[in-house]
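See structure below.
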Amino acid sequence: MENSGRAQWLTPVIPVLWEAEAGRSQGDFPHPHMKCKMELSEGSQKHASLQKSIEKAKIGRCETEERTRLAKELSSLRDQREQLKAEVEKYKDCDPQVVEEIRQANKVAKEAANRWTDNIFAIKSWAKRKFGFEENKIDKTFGIPEDFDYID
């Protein structure tokens with residue numbers, strides 16, 4: 001029981017000792033509500049500054065008939081531009097550059113297919129020599145069609 005009495009007595013003393021060690025007194029610490037007041041003040045100043053910026057930006061931007069008409073025209077032109085972009089996108093496949101890229105890709109694919117065909121013929125030839133298999137038996141075993149040949 002005696003220990004708990006000391007703990008209760010030391011509880012209010014410890015913060016005072018820490019403050020003394022740091023060179024402060026209890027009055028030097030700002031209250032939490034002061035911090036909130038400072039943040040509120042800073043926020044209010046920022047809000048006022050932004051309001052002034054908005055007012056400056058509004059100068060010379062009076063809503064007139066001409067301004068309204070030009071805004072509608074601008075909106076219409078933007079819509080038209082989007083429609084034209086969509087239409088151009090439809091015809092993208094007819095672009096000469098795209099067509100040439102497709103031709104090049106087809107050429108590369110054809111060369112690759114012919115390389116694999118050559119590899120298959122080489123393996124078939126090796127199997128015939130090494131194991132004495134008949135060509136039609138090799139074709140049937142590996143599912144090679146009768147009309148299998150190079151791509152022209």
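Residues are referred to by chain and number: the chain letter is A, B, ... according to the order shown in the structure tokens, the number counts from 1 in that chain, and ligands are numbered separately from 1 in the order shown.
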Please list as a PDB file with all heavy atoms, in the first residue's frame every residue within 9 Å of Asn114 in chain A, counting only C-alpha atoms and excluding residues in the same chain fewer than 5 positions away.
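As written to disk, out_6.pdb reads:
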ATOM      1  N   ALA A 109       6.419 -13.508 -90.300  1.00  0.00           N
ATOM      2  CA  ALA A 109       5.677 -14.701 -89.906  1.00  0.00           C
ATOM      3  C   ALA A 109       5.844 -15.812 -90.937  1.00  0.00           C
ATOM      4  O   ALA A 109       6.006 -16.991 -90.576  1.00  0.00           O
ATOM      5  CB  ALA A 109       4.198 -14.365 -89.721  1.00  0.00           C
ATOM      6  N   ASN A 119      12.520 -27.381 -90.396  1.00  0.00           N
ATOM      7  CA  ASN A 119      12.926 -28.184 -89.237  1.00  0.00           C
ATOM      8  C   ASN A 119      12.163 -29.517 -89.199  1.00  0.00           C
ATOM      9  O   ASN A 119      12.740 -30.570 -88.901  1.00  0.00           O
ATOM     10  CB  ASN A 119      12.691 -27.426 -87.933  1.00  0.00           C
ATOM     11  CG  ASN A 119      13.624 -26.257 -87.767  1.00  0.00           C
ATOM     12  OD1 ASN A 119      14.664 -26.184 -88.408  1.00  0.00           O
ATOM     13  ND2 ASN A 119      13.248 -25.318 -86.906  1.00  0.00           N
ATOM     14  N   ASP A 149       3.502 -28.416 -96.431  1.00  0.00           N
ATOM     15  CA  ASP A 149       4.579 -27.953 -97.309  1.00  0.00           C
ATOM     16  C   ASP A 149       4.926 -26.515 -96.935  1.00  0.00           C
ATOM     17  O   ASP A 149       4.289 -25.899 -96.086  1.00  0.00           O
ATOM     18  CB  ASP A 149       4.138 -28.027 -98.769  1.00  0.00           C
ATOM     19  CG  ASP A 149       5.326 -28.116 -99.725  1.00  0.00           C
ATOM     20  OD1 ASP A 149       6.486 -28.073 -99.246  1.00  0.00           O
ATOM     21  OD2 ASP A 149       5.093 -28.242-100.942  1.00  0.00           O
ATOM     22  N   TYR A 150       5.915 -25.960 -97.606  1.00  0.00           N
ATOM     23  CA  TYR A 150       6.344 -24.570 -97.365  1.00  0.00           C
ATOM     24  C   TYR A 150       5.251 -23.604 -97.815  1.00  0.00           C
ATOM     25  O   TYR A 150       4.465 -23.902 -98.719  1.00  0.00           O
ATOM     26  CB  TYR A 150       7.628 -24.269 -98.148  1.00  0.00           C
ATOM     27  CG  TYR A 150       8.823 -25.028 -97.653  1.00  0.00           C
ATOM     28  CD1 TYR A 150       9.256 -26.186 -98.288  1.00  0.00           C
ATOM     29  CD2 TYR A 150       9.523 -24.586 -96.550  1.00  0.00           C
ATOM     30  CE1 TYR A 150      10.350 -26.883 -97.839  1.00  0.00           C
ATOM     31  CE2 TYR A 150      10.642 -25.279 -96.076  1.00  0.00           C
ATOM     32  CZ  TYR A 150      11.049 -26.436 -96.720  1.00  0.00           C
ATOM     33  OH  TYR A 150      12.126 -27.121 -96.267  1.00  0.00           O
ATOM     34  N   ILE A 151       5.235 -22.426 -97.209  1.00  0.00           N
ATOM     35  CA  ILE A 151       4.291 -21.370 -97.585  1.00  0.00           C
ATOM     36  C   ILE A 151       4.935 -20.576 -98.715  1.00  0.00           C
ATOM     37  O   ILE A 151       6.082 -20.164 -98.634  1.00  0.00           O
ATOM     38  CB  ILE A 151       3.974 -20.460 -96.397  1.00  0.00           C
ATOM     39  CG1 ILE A 151       3.322 -21.246 -95.275  1.00  0.00           C
ATOM     40  CG2 ILE A 151       3.091 -19.296 -96.838  1.00  0.00           C
ATOM     41  CD1 ILE A 151       3.101 -20.439 -94.021  1.00  0.00           C
ATOM     42  N   ASP A 152       4.190 -20.388 -99.793  1.00  0.00           N
ATOM     43  CA  ASP A 152       4.728 -19.611-100.927  1.00  0.00           C
ATOM     44  C   ASP A 152       4.514 -18.148-100.749  1.00  0.00           C
ATOM     45  O   ASP A 152       3.640 -17.619-100.255  1.00  0.00           O
ATOM     46  CB  ASP A 152       4.077 -20.082-102.238  1.00  0.00           C
ATOM     47  CG  ASP A 152       4.493 -21.499-102.560  1.00  0.00           C
ATOM     48  OD1 ASP A 152       5.615 -21.879-102.211  1.00  0.00           O
ATOM     49  OD2 ASP A 152       3.657 -22.225-103.148  1.00  0.00           O
TER      50      ASP A 152
END
Please identify the alpha helix (DSSP H) residues within range 53-144 of chain A (assignment by DSSP from backbone atoms) and present them as a ChimeraX atom specification. /A:53-58,65-90,96-131,135-142
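Ranking A:Pro32, A:Phe148, A:Lys56, A:Val98 by their shortest atom-to-atom distance to Asn136 in chain A, with only C-alpha atoms included, puts A:Phe148 first.
CA of Lys46 in chain A is found 18.5 Å from CA of Lys58 in chain A.
A straight line drawn from CA of Arg69 in chain A to CA of Glu55 in chain A is 23.2 Å long.
Taking CA of Ala105 in chain A as the reference point, CA of Lys85 in chain A is found at 26.3 Å.
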